[in-house]
Amino acid sequence: MSDKWWHSAVVYQIYPRSFADSNGDGIGDLRGIIEHLDHLEDLGVDVVWLSPIYASPHDDNGYDISDYQAIDPLFGTFDDFDELLAGLHARGMKLVMDLVVNHTSDEHPWFVESASSTQNPKRDWYWWRSPRAGIAPGAHGAEPNNWGSFFSGSAWKLDPASGEYYLHLFSPKQPDLNWENPEVRDAVYAMMNWWLDRGVDGFRMDVINFISKVPSLPDVEVVPGHLFGDGYPYFGQGPRIHEFLHEMHDRVFAGREDRYLTVGEMPGVTVEDAQLFTDQDRAELDMVFQFEHVDLDHGPGGKWDHRDASVLDLKRSFGKWQKGLAAAGWNSLYWNNHDQPRVVSRFGDDGAARHQSATALATVLHLQRGTPYIYQGEELGMTNVPFQGISDFRDIETLNHYSEAVDVLGASPAQVLAALRRTSRDNARTPVQWSTDANAGFTTATPWIQANPNYTEINAAAQRDDPSSVLAYYRALIDLRHREPAISEGSFEMVLPEHPQIFAYTRTLGDRSLLVLVNLTGEPAEYGLPDAAEWVDARLVLTNLPGAPAIGEGHLAPWQALVISR
Ligand code: TEU
Ligand code: CA
């Protein structure tokens, strides 16, 4: 495996709407990011992944794009964009844009033309189908197939003018592009090249494993009690997915690939698929976001049906992906993003042991083999939010789930709200907590979504100069990755695989080894190393609990992380 620059890089995800508001409209913007570049440089991250800033009706907070080559005025202008890009590059940081090309907005001119008539030359740029035979258009069951949308309801919307339906795996305002059509692919590649020619450094590709569908769009099994089924077998890793991604690589990145980072967001992808997607010899993608570890606490009923995930569950999942992509391919490493609840509330302890558990979880993730991603506010130990009622939420997925569960399926509002508080994407979307100023220093206006009330304790200003802060610990982890080739290039070996509390592994490169030992529980943990003699002269590299028991004593305090080297 040749050393790629992103092996030692750390990526920071910015969800611009919630990062920093510079013009007092309550919504984050590009100038707000420019005003906080020092925070990113001080943290030491190498790449910024910027969630969509393009023209959008904001039905799904910008993941519904109406012009791929325009900056939405909410976020600013191209002058602001160029200043941000120059500011990042001047600080030695790169900018990766969010590529959302499984679907557009229904207000994109491509869709407006496509929907204007069944004869329009762009009709076949989207998935239009006639109603199911014998059922009146608009009646339940008339949809061309029985797939459900990720945002509740059918994956089809009827266009009364033409009497045909169009496919939307997400919101009705996010019609799926038809990648079978070479004109669609040509237009996407041209747009990607336009952004690369502007100087951006790669793309995070939204649900890119959905772009190849089985063209016959077959029906699926519908679970009793549900109105629609899961079409994933026919749109997840479809028949032409590798062909399309290889073609994209050829048409956009070939000849200059070492400059760029490409990461494909792939819900449901298996490690076997990821081996194919990320094998550099196949010239498809550099890495993927897999979802196995963030689906571990989903019960049989899906994300809103909680089950407790154990430390062993987490170890087995991460261990499988480390092993699966060891020889070829590459892992992305993440706990958080704009779709996931905050990890310290999810797999840690956001109460008394918030600091310890946040830093323990960060240690487990950052020292694995792969490229770590930090989501805005994670470096501060930001937590889930004590949302009171449904009016506190903003996310379309959350609001649609509430109305379907309560209004259609008759579920108890209190039960559904409890599930939303635990799992809603809005937990990740409240303002970054900069200071104890009003609204966490995010805005001088009323923010588009409330700030977490705990900003008075958890904020960047309180941590910036505190060497014992979560922020300082993240800086140390990033610095270690930059300094230690055994972390960026070394092999990974799980240690104590069956220990129910301790997530432990070694990283080895040549005669250099590091041992990472993390107690991922709130109880003390005892352990015995199989090769203890080899670590007797080990040197302490990093710990999240200075003064706690050091290596060789066979026990770890609650949430204690130890990194030692020999
Ligand atoms: O997310 C796709 C995806 O996997 C999410 O629908 C995720 O499964 C869900 O939120 C968790 O239940 C991408 C973007 O990250 C997300 O913000 C968009 O809403 C979605 O695609 C559509 O663009
Ligand atoms: Ca603003």
# chains A, B, ... in the order shown; residues from 1 in each chain; ligands from 1
>>> select_by_dssp(residues="region 340-496 of chain A", states="alpha helix (DSSP H)", output="PDB file with N, CA, C and O atoms, in the first residue's frame")
ATOM      1  N   VAL A 343     -21.915  11.007  19.890  1.00  0.00           N
ATOM      2  CA  VAL A 343     -21.391   9.710  20.361  1.00  0.00           C
ATOM      3  C   VAL A 343     -21.245   9.661  21.887  1.00  0.00           C
ATOM      4  O   VAL A 343     -21.455   8.610  22.503  1.00  0.00           O
ATOM      5  N   VAL A 344     -20.943  10.793  22.523  1.00  0.00           N
ATOM      6  CA  VAL A 344     -20.744  10.728  23.990  1.00  0.00           C
ATOM      7  C   VAL A 344     -22.068  10.423  24.689  1.00  0.00           C
ATOM      8  O   VAL A 344     -22.089   9.813  25.762  1.00  0.00           O
ATOM      9  N   SER A 345     -23.188  10.771  24.046  1.00  0.00           N
ATOM     10  CA  SER A 345     -24.496  10.425  24.620  1.00  0.00           C
ATOM     11  C   SER A 345     -24.904   9.021  24.211  1.00  0.00           C
ATOM     12  O   SER A 345     -25.679   8.351  24.906  1.00  0.00           O
ATOM     13  N   ARG A 346     -24.390   8.571  23.069  1.00  0.00           N
ATOM     14  CA  ARG A 346     -24.834   7.300  22.476  1.00  0.00           C
ATOM     15  C   ARG A 346     -24.060   6.106  23.030  1.00  0.00           C
ATOM     16  O   ARG A 346     -24.661   5.134  23.483  1.00  0.00           O
ATOM     17  N   ARG A 354     -18.571  12.663  31.311  1.00  0.00           N
ATOM     18  CA  ARG A 354     -18.588  13.125  29.922  1.00  0.00           C
ATOM     19  C   ARG A 354     -17.186  13.264  29.367  1.00  0.00           C
ATOM     20  O   ARG A 354     -16.867  12.766  28.294  1.00  0.00           O
ATOM     21  N   HIS A 355     -16.310  13.975  30.100  1.00  0.00           N
ATOM     22  CA  HIS A 355     -14.951  14.209  29.591  1.00  0.00           C
ATOM     23  C   HIS A 355     -14.222  12.890  29.371  1.00  0.00           C
ATOM     24  O   HIS A 355     -13.677  12.624  28.301  1.00  0.00           O
ATOM     25  N   GLN A 356     -14.284  12.018  30.406  1.00  0.00           N
ATOM     26  CA  GLN A 356     -13.535  10.761  30.298  1.00  0.00           C
ATOM     27  C   GLN A 356     -14.045   9.904  29.148  1.00  0.00           C
ATOM     28  O   GLN A 356     -13.275   9.330  28.374  1.00  0.00           O
ATOM     29  N   SER A 357     -15.396   9.815  29.021  1.00  0.00           N
ATOM     30  CA  SER A 357     -15.922   8.893  28.000  1.00  0.00           C
ATOM     31  C   SER A 357     -15.736   9.478  26.598  1.00  0.00           C
ATOM     32  O   SER A 357     -15.446   8.740  25.645  1.00  0.00           O
ATOM     33  N   ALA A 358     -15.837  10.804  26.473  1.00  0.00           N
ATOM     34  CA  ALA A 358     -15.617  11.416  25.145  1.00  0.00           C
ATOM     35  C   ALA A 358     -14.190  11.160  24.680  1.00  0.00           C
ATOM     36  O   ALA A 358     -13.945  10.799  23.517  1.00  0.00           O
ATOM     37  N   THR A 359     -13.234  11.300  25.577  1.00  0.00           N
ATOM     38  CA  THR A 359     -11.828  11.102  25.195  1.00  0.00           C
ATOM     39  C   THR A 359     -11.484   9.620  25.035  1.00  0.00           C
ATOM     40  O   THR A 359     -10.646   9.255  24.201  1.00  0.00           O
ATOM     41  N   ALA A 360     -12.161   8.774  25.786  1.00  0.00           N
ATOM     42  CA  ALA A 360     -11.949   7.331  25.611  1.00  0.00           C
ATOM     43  C   ALA A 360     -12.441   6.887  24.236  1.00  0.00           C
ATOM     44  O   ALA A 360     -11.734   6.197  23.488  1.00  0.00           O
ATOM     45  N   LEU A 361     -13.629   7.339  23.855  1.00  0.00           N
ATOM     46  CA  LEU A 361     -14.188   6.995  22.532  1.00  0.00           C
ATOM     47  C   LEU A 361     -13.317   7.564  21.417  1.00  0.00           C
ATOM     48  O   LEU A 361     -13.080   6.910  20.393  1.00  0.00           O
ATOM     49  N   ALA A 362     -12.809   8.770  21.616  1.00  0.00           N
ATOM     50  CA  ALA A 362     -11.948   9.382  20.590  1.00  0.00           C
ATOM     51  C   ALA A 362     -10.666   8.583  20.422  1.00  0.00           C
ATOM     52  O   ALA A 362     -10.187   8.360  19.303  1.00  0.00           O
ATOM     53  N   THR A 363     -10.113   8.095  21.536  1.00  0.00           N
ATOM     54  CA  THR A 363      -8.873   7.312  21.453  1.00  0.00           C
ATOM     55  C   THR A 363      -9.096   6.034  20.644  1.00  0.00           C
ATOM     56  O   THR A 363      -8.331   5.702  19.742  1.00  0.00           O
ATOM     57  N   VAL A 364     -10.189   5.342  20.976  1.00  0.00           N
ATOM     58  CA  VAL A 364     -10.496   4.082  20.270  1.00  0.00           C
ATOM     59  C   VAL A 364     -10.547   4.293  18.765  1.00  0.00           C
ATOM     60  O   VAL A 364     -10.022   3.512  17.976  1.00  0.00           O
ATOM     61  N   LEU A 365     -11.169   5.404  18.358  1.00  0.00           N
ATOM     62  CA  LEU A 365     -11.383   5.649  16.921  1.00  0.00           C
ATOM     63  C   LEU A 365     -10.127   6.140  16.237  1.00  0.00           C
ATOM     64  O   LEU A 365      -9.701   5.601  15.212  1.00  0.00           O
ATOM     65  N   HIS A 366      -9.488   7.155  16.805  1.00  0.00           N
ATOM     66  CA  HIS A 366      -8.447   7.891  16.074  1.00  0.00           C
ATOM     67  C   HIS A 366      -7.175   7.108  15.848  1.00  0.00           C
ATOM     68  O   HIS A 366      -6.389   7.456  14.954  1.00  0.00           O
ATOM     69  N   ILE A 396     -36.401  16.927   8.571  1.00  0.00           N
ATOM     70  CA  ILE A 396     -37.523  16.338   7.817  1.00  0.00           C
ATOM     71  C   ILE A 396     -37.695  14.861   8.165  1.00  0.00           C
ATOM     72  O   ILE A 396     -38.825  14.372   8.333  1.00  0.00           O
ATOM     73  N   GLU A 397     -36.586  14.138   8.330  1.00  0.00           N
ATOM     74  CA  GLU A 397     -36.701  12.705   8.648  1.00  0.00           C
ATOM     75  C   GLU A 397     -37.400  12.528   9.993  1.00  0.00           C
ATOM     76  O   GLU A 397     -38.283  11.689  10.163  1.00  0.00           O
ATOM     77  N   THR A 398     -37.010  13.376  10.946  1.00  0.00           N
ATOM     78  CA  THR A 398     -37.568  13.309  12.298  1.00  0.00           C
ATOM     79  C   THR A 398     -39.049  13.685  12.304  1.00  0.00           C
ATOM     80  O   THR A 398     -39.887  12.969  12.864  1.00  0.00           O
ATOM     81  N   LEU A 399     -39.373  14.787  11.656  1.00  0.00           N
ATOM     82  CA  LEU A 399     -40.759  15.292  11.666  1.00  0.00           C
ATOM     83  C   LEU A 399     -41.690  14.325  10.933  1.00  0.00           C
ATOM     84  O   LEU A 399     -42.797  14.031  11.401  1.00  0.00           O
ATOM     85  N   ASN A 400     -41.202  13.779   9.815  1.00  0.00           N
ATOM     86  CA  ASN A 400     -42.029  12.818   9.062  1.00  0.00           C
ATOM     87  C   ASN A 400     -42.244  11.543   9.868  1.00  0.00           C
ATOM     88  O   ASN A 400     -43.340  10.965   9.889  1.00  0.00           O
ATOM     89  N   HIS A 401     -41.177  11.114  10.570  1.00  0.00           N
ATOM     90  CA  HIS A 401     -41.334   9.890  11.391  1.00  0.00           C
ATOM     91  C   HIS A 401     -42.368  10.142  12.484  1.00  0.00           C
ATOM     92  O   HIS A 401     -43.239   9.291  12.731  1.00  0.00           O
ATOM     93  N   TYR A 402     -42.282  11.302  13.131  1.00  0.00           N
ATOM     94  CA  TYR A 402     -43.226  11.598  14.221  1.00  0.00           C
ATOM     95  C   TYR A 402     -44.661  11.558  13.699  1.00  0.00           C
ATOM     96  O   TYR A 402     -45.532  10.898  14.263  1.00  0.00           O
ATOM     97  N   PRO A 413     -47.238   9.670  21.608  1.00  0.00           N
ATOM     98  CA  PRO A 413     -46.317  10.791  21.389  1.00  0.00           C
ATOM     99  C   PRO A 413     -45.126  10.766  22.352  1.00  0.00           C
ATOM    100  O   PRO A 413     -43.985  10.994  21.936  1.00  0.00           O
ATOM    101  N   ALA A 414     -45.365  10.424  23.611  1.00  0.00           N
ATOM    102  CA  ALA A 414     -44.257  10.427  24.586  1.00  0.00           C
ATOM    103  C   ALA A 414     -43.206   9.391  24.195  1.00  0.00           C
ATOM    104  O   ALA A 414     -42.009   9.644  24.263  1.00  0.00           O
ATOM    105  N   GLN A 415     -43.673   8.217  23.745  1.00  0.00           N
ATOM    106  CA  GLN A 415     -42.718   7.166  23.362  1.00  0.00           C
ATOM    107  C   GLN A 415     -41.927   7.599  22.132  1.00  0.00           C
ATOM    108  O   GLN A 415     -40.711   7.439  22.057  1.00  0.00           O
ATOM    109  N   VAL A 416     -42.625   8.167  21.168  1.00  0.00           N
ATOM    110  CA  VAL A 416     -41.934   8.580  19.940  1.00  0.00           C
ATOM    111  C   VAL A 416     -40.946   9.698  20.252  1.00  0.00           C
ATOM    112  O   VAL A 416     -39.799   9.684  19.814  1.00  0.00           O
ATOM    113  N   LEU A 417     -41.354  10.658  21.103  1.00  0.00           N
ATOM    114  CA  LEU A 417     -40.445  11.760  21.466  1.00  0.00           C
ATOM    115  C   LEU A 417     -39.205  11.224  22.165  1.00  0.00           C
ATOM    116  O   LEU A 417     -38.088  11.689  21.938  1.00  0.00           O
ATOM    117  N   ALA A 418     -39.364  10.206  22.989  1.00  0.00           N
ATOM    118  CA  ALA A 418     -38.196   9.634  23.671  1.00  0.00           C
ATOM    119  C   ALA A 418     -37.224   9.064  22.637  1.00  0.00           C
ATOM    120  O   ALA A 418     -36.009   9.238  22.737  1.00  0.00           O
ATOM    121  N   ALA A 419     -37.770   8.422  21.605  1.00  0.00           N
ATOM    122  CA  ALA A 419     -36.911   7.870  20.546  1.00  0.00           C
ATOM    123  C   ALA A 419     -36.254   8.988  19.756  1.00  0.00           C
ATOM    124  O   ALA A 419     -35.071   8.907  19.399  1.00  0.00           O
ATOM    125  N   LEU A 420     -36.986  10.074  19.521  1.00  0.00           N
ATOM    126  CA  LEU A 420     -36.408  11.203  18.784  1.00  0.00           C
ATOM    127  C   LEU A 420     -35.276  11.824  19.601  1.00  0.00           C
ATOM    128  O   LEU A 420     -34.217  12.139  19.070  1.00  0.00           O
ATOM    129  N   ARG A 421     -35.475  12.008  20.888  1.00  0.00           N
ATOM    130  CA  ARG A 421     -34.428  12.615  21.717  1.00  0.00           C
ATOM    131  C   ARG A 421     -33.143  11.785  21.666  1.00  0.00           C
ATOM    132  O   ARG A 421     -32.051  12.307  21.690  1.00  0.00           O
ATOM    133  N   ARG A 422     -33.302  10.495  21.547  1.00  0.00           N
ATOM    134  CA  ARG A 422     -32.114   9.612  21.549  1.00  0.00           C
ATOM    135  C   ARG A 422     -31.436   9.590  20.173  1.00  0.00           C
ATOM    136  O   ARG A 422     -30.233   9.551  20.058  1.00  0.00           O
ATOM    137  N   THR A 423     -32.248   9.609  19.090  1.00  0.00           N
ATOM    138  CA  THR A 423     -31.690   9.232  17.788  1.00  0.00           C
ATOM    139  C   THR A 423     -31.804  10.285  16.694  1.00  0.00           C
ATOM    140  O   THR A 423     -31.146  10.182  15.663  1.00  0.00           O
ATOM    141  N   ALA A 460     -16.142  26.142  23.261  1.00  0.00           N
ATOM    142  CA  ALA A 460     -14.750  26.217  22.812  1.00  0.00           C
ATOM    143  C   ALA A 460     -13.933  27.178  23.666  1.00  0.00           C
ATOM    144  O   ALA A 460     -12.791  26.903  24.037  1.00  0.00           O
ATOM    145  N   ALA A 461     -14.554  28.311  24.040  1.00  0.00           N
ATOM    146  CA  ALA A 461     -13.795  29.324  24.808  1.00  0.00           C
ATOM    147  C   ALA A 461     -13.288  28.753  26.129  1.00  0.00           C
ATOM    148  O   ALA A 461     -12.148  29.000  26.535  1.00  0.00           O
ATOM    149  N   ALA A 462     -14.129  27.907  26.750  1.00  0.00           N
ATOM    150  CA  ALA A 462     -13.752  27.353  28.065  1.00  0.00           C
ATOM    151  C   ALA A 462     -12.654  26.313  27.929  1.00  0.00           C
ATOM    152  O   ALA A 462     -11.966  25.965  28.884  1.00  0.00           O
ATOM    153  N   GLN A 463     -12.475  25.771  26.707  1.00  0.00           N
ATOM    154  CA  GLN A 463     -11.542  24.656  26.536  1.00  0.00           C
ATOM    155  C   GLN A 463     -10.244  25.068  25.836  1.00  0.00           C
ATOM    156  O   GLN A 463      -9.236  24.377  25.937  1.00  0.00           O
ATOM    157  N   VAL A 470     -11.351  18.346  26.547  1.00  0.00           N
ATOM    158  CA  VAL A 470     -11.595  17.407  25.440  1.00  0.00           C
ATOM    159  C   VAL A 470     -10.907  17.939  24.189  1.00  0.00           C
ATOM    160  O   VAL A 470     -10.255  17.198  23.450  1.00  0.00           O
ATOM    161  N   LEU A 471     -10.994  19.243  23.983  1.00  0.00           N
ATOM    162  CA  LEU A 471     -10.361  19.873  22.810  1.00  0.00           C
ATOM    163  C   LEU A 471      -8.863  19.622  22.802  1.00  0.00           C
ATOM    164  O   LEU A 471      -8.284  19.236  21.772  1.00  0.00           O
ATOM    165  N   ALA A 472      -8.214  19.787  23.963  1.00  0.00           N
ATOM    166  CA  ALA A 472      -6.758  19.559  24.028  1.00  0.00           C
ATOM    167  C   ALA A 472      -6.441  18.103  23.712  1.00  0.00           C
ATOM    168  O   ALA A 472      -5.441  17.785  23.060  1.00  0.00           O
ATOM    169  N   TYR A 473      -7.311  17.207  24.150  1.00  0.00           N
ATOM    170  CA  TYR A 473      -7.059  15.787  23.904  1.00  0.00           C
ATOM    171  C   TYR A 473      -7.191  15.448  22.424  1.00  0.00           C
ATOM    172  O   TYR A 473      -6.390  14.703  21.851  1.00  0.00           O
ATOM    173  N   TYR A 474      -8.205  16.058  21.767  1.00  0.00           N
ATOM    174  CA  TYR A 474      -8.331  15.837  20.320  1.00  0.00           C
ATOM    175  C   TYR A 474      -7.087  16.371  19.592  1.00  0.00           C
ATOM    176  O   TYR A 474      -6.576  15.738  18.670  1.00  0.00           O
ATOM    177  N   ARG A 475      -6.587  17.529  20.021  1.00  0.00           N
ATOM    178  CA  ARG A 475      -5.365  18.062  19.415  1.00  0.00           C
ATOM    179  C   ARG A 475      -4.234  17.038  19.543  1.00  0.00           C
ATOM    180  O   ARG A 475      -3.491  16.785  18.585  1.00  0.00           O
ATOM    181  N   ALA A 476      -4.141  16.425  20.714  1.00  0.00           N
ATOM    182  CA  ALA A 476      -3.043  15.467  20.964  1.00  0.00           C
ATOM    183  C   ALA A 476      -3.190  14.234  20.088  1.00  0.00           C
ATOM    184  O   ALA A 476      -2.200  13.706  19.557  1.00  0.00           O
ATOM    185  N   LEU A 477      -4.428  13.769  19.903  1.00  0.00           N
ATOM    186  CA  LEU A 477      -4.656  12.591  19.046  1.00  0.00           C
ATOM    187  C   LEU A 477      -4.268  12.898  17.599  1.00  0.00           C
ATOM    188  O   LEU A 477      -3.618  12.103  16.920  1.00  0.00           O
ATOM    189  N   ILE A 478      -4.669  14.065  17.124  1.00  0.00           N
ATOM    190  CA  ILE A 478      -4.358  14.465  15.739  1.00  0.00           C
ATOM    191  C   ILE A 478      -2.848  14.607  15.569  1.00  0.00           C
ATOM    192  O   ILE A 478      -2.258  14.121  14.606  1.00  0.00           O
ATOM    193  N   ASP A 479      -2.214  15.224  16.559  1.00  0.00           N
ATOM    194  CA  ASP A 479      -0.757  15.409  16.503  1.00  0.00           C
ATOM    195  C   ASP A 479      -0.038  14.058  16.484  1.00  0.00           C
ATOM    196  O   ASP A 479       0.903  13.831  15.736  1.00  0.00           O
ATOM    197  N   LEU A 480      -0.581  13.107  17.268  1.00  0.00           N
ATOM    198  CA  LEU A 480       0.028  11.774  17.314  1.00  0.00           C
ATOM    199  C   LEU A 480      -0.069  11.102  15.942  1.00  0.00           C
ATOM    200  O   LEU A 480       0.896  10.497  15.457  1.00  0.00           O
ATOM    201  N   ARG A 481      -1.217  11.241  15.303  1.00  0.00           N
ATOM    202  CA  ARG A 481      -1.369  10.637  13.968  1.00  0.00           C
ATOM    203  C   ARG A 481      -0.373  11.267  12.989  1.00  0.00           C
ATOM    204  O   ARG A 481       0.196  10.612  12.123  1.00  0.00           O
ATOM    205  N   HIS A 482      -0.167  12.549  13.128  1.00  0.00           N
ATOM    206  CA  HIS A 482       0.777  13.225  12.217  1.00  0.00           C
ATOM    207  C   HIS A 482       2.218  12.781  12.465  1.00  0.00           C
ATOM    208  O   HIS A 482       3.030  12.741  11.547  1.00  0.00           O
ATOM    209  N   ARG A 483       2.543  12.464  13.716  1.00  0.00           N
ATOM    210  CA  ARG A 483       3.938  12.175  14.087  1.00  0.00           C
ATOM    211  C   ARG A 483       4.286  10.705  13.992  1.00  0.00           C
ATOM    212  O   ARG A 483       5.477  10.354  13.919  1.00  0.00           O
ATOM    213  N   PRO A 485       4.211   7.159  12.260  1.00  0.00           N
ATOM    214  CA  PRO A 485       3.909   6.346  11.065  1.00  0.00           C
ATOM    215  C   PRO A 485       3.228   5.020  11.408  1.00  0.00           C
ATOM    216  O   PRO A 485       2.457   4.485  10.621  1.00  0.00           O
ATOM    217  N   ALA A 486       3.455   4.521  12.621  1.00  0.00           N
ATOM    218  CA  ALA A 486       2.796   3.243  12.980  1.00  0.00           C
ATOM    219  C   ALA A 486       1.284   3.432  13.012  1.00  0.00           C
ATOM    220  O   ALA A 486       0.528   2.477  12.806  1.00  0.00           O
ATOM    221  N   ILE A 487       0.817   4.660  13.219  1.00  0.00           N
ATOM    222  CA  ILE A 487      -0.638   4.908  13.232  1.00  0.00           C
ATOM    223  C   ILE A 487      -1.163   5.123  11.814  1.00  0.00           C
ATOM    224  O   ILE A 487      -2.189   4.573  11.424  1.00  0.00           O
ATOM    225  N   SER A 488      -0.412   5.917  11.031  1.00  0.00           N
ATOM    226  CA  SER A 488      -0.928   6.194   9.676  1.00  0.00           C
ATOM    227  C   SER A 488      -0.707   5.017   8.747  1.00  0.00           C
ATOM    228  O   SER A 488      -1.517   4.767   7.850  1.00  0.00           O
TER     229      SER A 488
END
>>> residues_near_ligand(ligand="ligand 2", cutoff="6 Å", atoms="only C-alpha atoms and all ligand atoms", output="VMD selection string")
chain A and resid 21 to 29
>>> write_last_selection(atoms="all heavy atoms", output="PDB file, in the first residue's frame")
ATOM      1  N   ASP A  21     -22.768  31.885  12.546  1.00  0.00           N
ATOM      2  CA  ASP A  21     -23.555  32.862  11.783  1.00  0.00           C
ATOM      3  C   ASP A  21     -22.858  34.212  11.858  1.00  0.00           C
ATOM      4  O   ASP A  21     -22.685  34.771  12.939  1.00  0.00           O
ATOM      5  CB  ASP A  21     -24.967  32.966  12.384  1.00  0.00           C
ATOM      6  CG  ASP A  21     -25.762  34.134  11.806  1.00  0.00           C
ATOM      7  OD1 ASP A  21     -25.462  34.549  10.670  1.00  0.00           O
ATOM      8  OD2 ASP A  21     -26.654  34.637  12.511  1.00  0.00           O
ATOM      9  N   SER A  22     -22.492  34.763  10.680  1.00  0.00           N
ATOM     10  CA  SER A  22     -21.739  36.035  10.696  1.00  0.00           C
ATOM     11  C   SER A  22     -22.633  37.248  10.455  1.00  0.00           C
ATOM     12  O   SER A  22     -22.249  38.371  10.791  1.00  0.00           O
ATOM     13  CB  SER A  22     -20.681  36.002   9.581  1.00  0.00           C
ATOM     14  OG  SER A  22     -21.344  36.088   8.312  1.00  0.00           O
ATOM     15  N   ASN A  23     -23.843  37.015   9.889  1.00  0.00           N
ATOM     16  CA  ASN A  23     -24.638  38.191   9.479  1.00  0.00           C
ATOM     17  C   ASN A  23     -25.959  38.305  10.229  1.00  0.00           C
ATOM     18  O   ASN A  23     -26.876  38.975   9.780  1.00  0.00           O
ATOM     19  CB  ASN A  23     -24.884  38.152   7.969  1.00  0.00           C
ATOM     20  CG  ASN A  23     -25.727  36.951   7.570  1.00  0.00           C
ATOM     21  OD1 ASN A  23     -25.898  36.006   8.359  1.00  0.00           O
ATOM     22  ND2 ASN A  23     -26.269  36.981   6.365  1.00  0.00           N
ATOM     23  N   GLY A  24     -26.055  37.604  11.347  1.00  0.00           N
ATOM     24  CA  GLY A  24     -27.194  37.845  12.228  1.00  0.00           C
ATOM     25  C   GLY A  24     -28.544  37.445  11.683  1.00  0.00           C
ATOM     26  O   GLY A  24     -29.561  38.050  12.014  1.00  0.00           O
ATOM     27  N   ASP A  25     -28.561  36.365  10.846  1.00  0.00           N
ATOM     28  CA  ASP A  25     -29.880  35.869  10.417  1.00  0.00           C
ATOM     29  C   ASP A  25     -30.210  34.541  11.098  1.00  0.00           C
ATOM     30  O   ASP A  25     -31.189  33.883  10.746  1.00  0.00           O
ATOM     31  CB  ASP A  25     -29.939  35.723   8.891  1.00  0.00           C
ATOM     32  CG  ASP A  25     -28.947  34.670   8.377  1.00  0.00           C
ATOM     33  OD1 ASP A  25     -28.221  34.057   9.191  1.00  0.00           O
ATOM     34  OD2 ASP A  25     -28.904  34.453   7.148  1.00  0.00           O
ATOM     35  N   GLY A  26     -29.374  34.114  12.035  1.00  0.00           N
ATOM     36  CA  GLY A  26     -29.670  32.893  12.786  1.00  0.00           C
ATOM     37  C   GLY A  26     -29.250  31.619  12.089  1.00  0.00           C
ATOM     38  O   GLY A  26     -29.477  30.512  12.598  1.00  0.00           O
ATOM     39  N   ILE A  27     -28.620  31.777  10.909  1.00  0.00           N
ATOM     40  CA  ILE A  27     -28.195  30.597  10.146  1.00  0.00           C
ATOM     41  C   ILE A  27     -26.690  30.700   9.866  1.00  0.00           C
ATOM     42  O   ILE A  27     -26.197  31.762   9.459  1.00  0.00           O
ATOM     43  CB  ILE A  27     -28.976  30.510   8.813  1.00  0.00           C
ATOM     44  CG1 ILE A  27     -30.479  30.364   9.103  1.00  0.00           C
ATOM     45  CG2 ILE A  27     -28.488  29.341   7.957  1.00  0.00           C
ATOM     46  CD1 ILE A  27     -31.353  30.452   7.863  1.00  0.00           C
ATOM     47  N   GLY A  28     -25.972  29.638  10.083  1.00  0.00           N
ATOM     48  CA  GLY A  28     -24.536  29.638   9.836  1.00  0.00           C
ATOM     49  C   GLY A  28     -24.241  29.938   8.374  1.00  0.00           C
ATOM     50  O   GLY A  28     -25.081  29.726   7.489  1.00  0.00           O
ATOM     51  N   ASP A  29     -23.022  30.419   8.104  1.00  0.00           N
ATOM     52  CA  ASP A  29     -22.687  30.813   6.736  1.00  0.00           C
ATOM     53  C   ASP A  29     -21.177  30.727   6.500  1.00  0.00           C
ATOM     54  O   ASP A  29     -20.403  30.470   7.426  1.00  0.00           O
ATOM     55  CB  ASP A  29     -23.209  32.223   6.455  1.00  0.00           C
ATOM     56  CG  ASP A  29     -22.862  33.192   7.586  1.00  0.00           C
ATOM     57  OD1 ASP A  29     -21.672  33.272   7.931  1.00  0.00           O
ATOM     58  OD2 ASP A  29     -23.783  33.815   8.143  1.00  0.00           O
TER      59      ASP A  29
END
>>> closest_residue(among="A:Ser130, A:Asn454, A:Asn331, A:Asn337", to="ligand 1", atoms="only C-alpha atoms and all ligand atoms")
A:Asn337
>>> closest_atom_pairs(of="region 320-350 of chain A", to="region 295-309 of chain A", cutoff="12 Å", atoms="only C-alpha atoms", output="Markdown table")
| residue | atom | partner | partner_atom | distance |
| --- | --- | --- | --- | --- |
| A:Trp335 | CA | A:Asp295 | CA | 11.3 |
| A:Asp339 | CA | A:Lys303 | CA | 11.4 |
| A:Gln340 | CA | A:Asp295 | CA | 10.1 |
| A:Pro341 | CA | A:Lys303 | CA | 11.0 |
| A:Val343 | CA | A:Asp297 | CA | 11.8 |
| A:Arg346 | CA | A:Asp297 | CA | 8.8 |
| A:Phe347 | CA | A:Ala309 | CA | 7.9 |
| A:Gly348 | CA | A:Ala309 | CA | 11.1 |
>>> residues_around(residues="Glu284 (chain A)", least_positions_apart="2", cutoff="12 Å", atoms="only C-alpha atoms", output="PyMOL selection string")
chain A and resi 208-209+241-254+257+261-264+273-282+286-288+329
>>> select_by_dssp(residues="region 134-333 of chain A", states="strand (DSSP E)", output="PyMOL selection string")
chain A and resi 156-159+164-167+202-205+261-265+287-289+298-299+302-306+332-333
>>> closest_residue(among="A:Lys4, A:Leu88, A:Leu167, A:Asp72", to="Ile34 (chain A)", atoms="only C-alpha atoms")
A:Leu88
>>> closest_residue(among="A:Gly255, A:Pro372, A:Pro121, A:Pro524", to="Val48 (chain A)", atoms="only C-alpha atoms")
A:Pro372
>>> residues_around(residues="Val563 (chain A)", least_positions_apart="6", cutoff="9 Å", atoms="only C-alpha atoms", output="ChimeraX atom specification")
/A:363,514-518,539-543,551
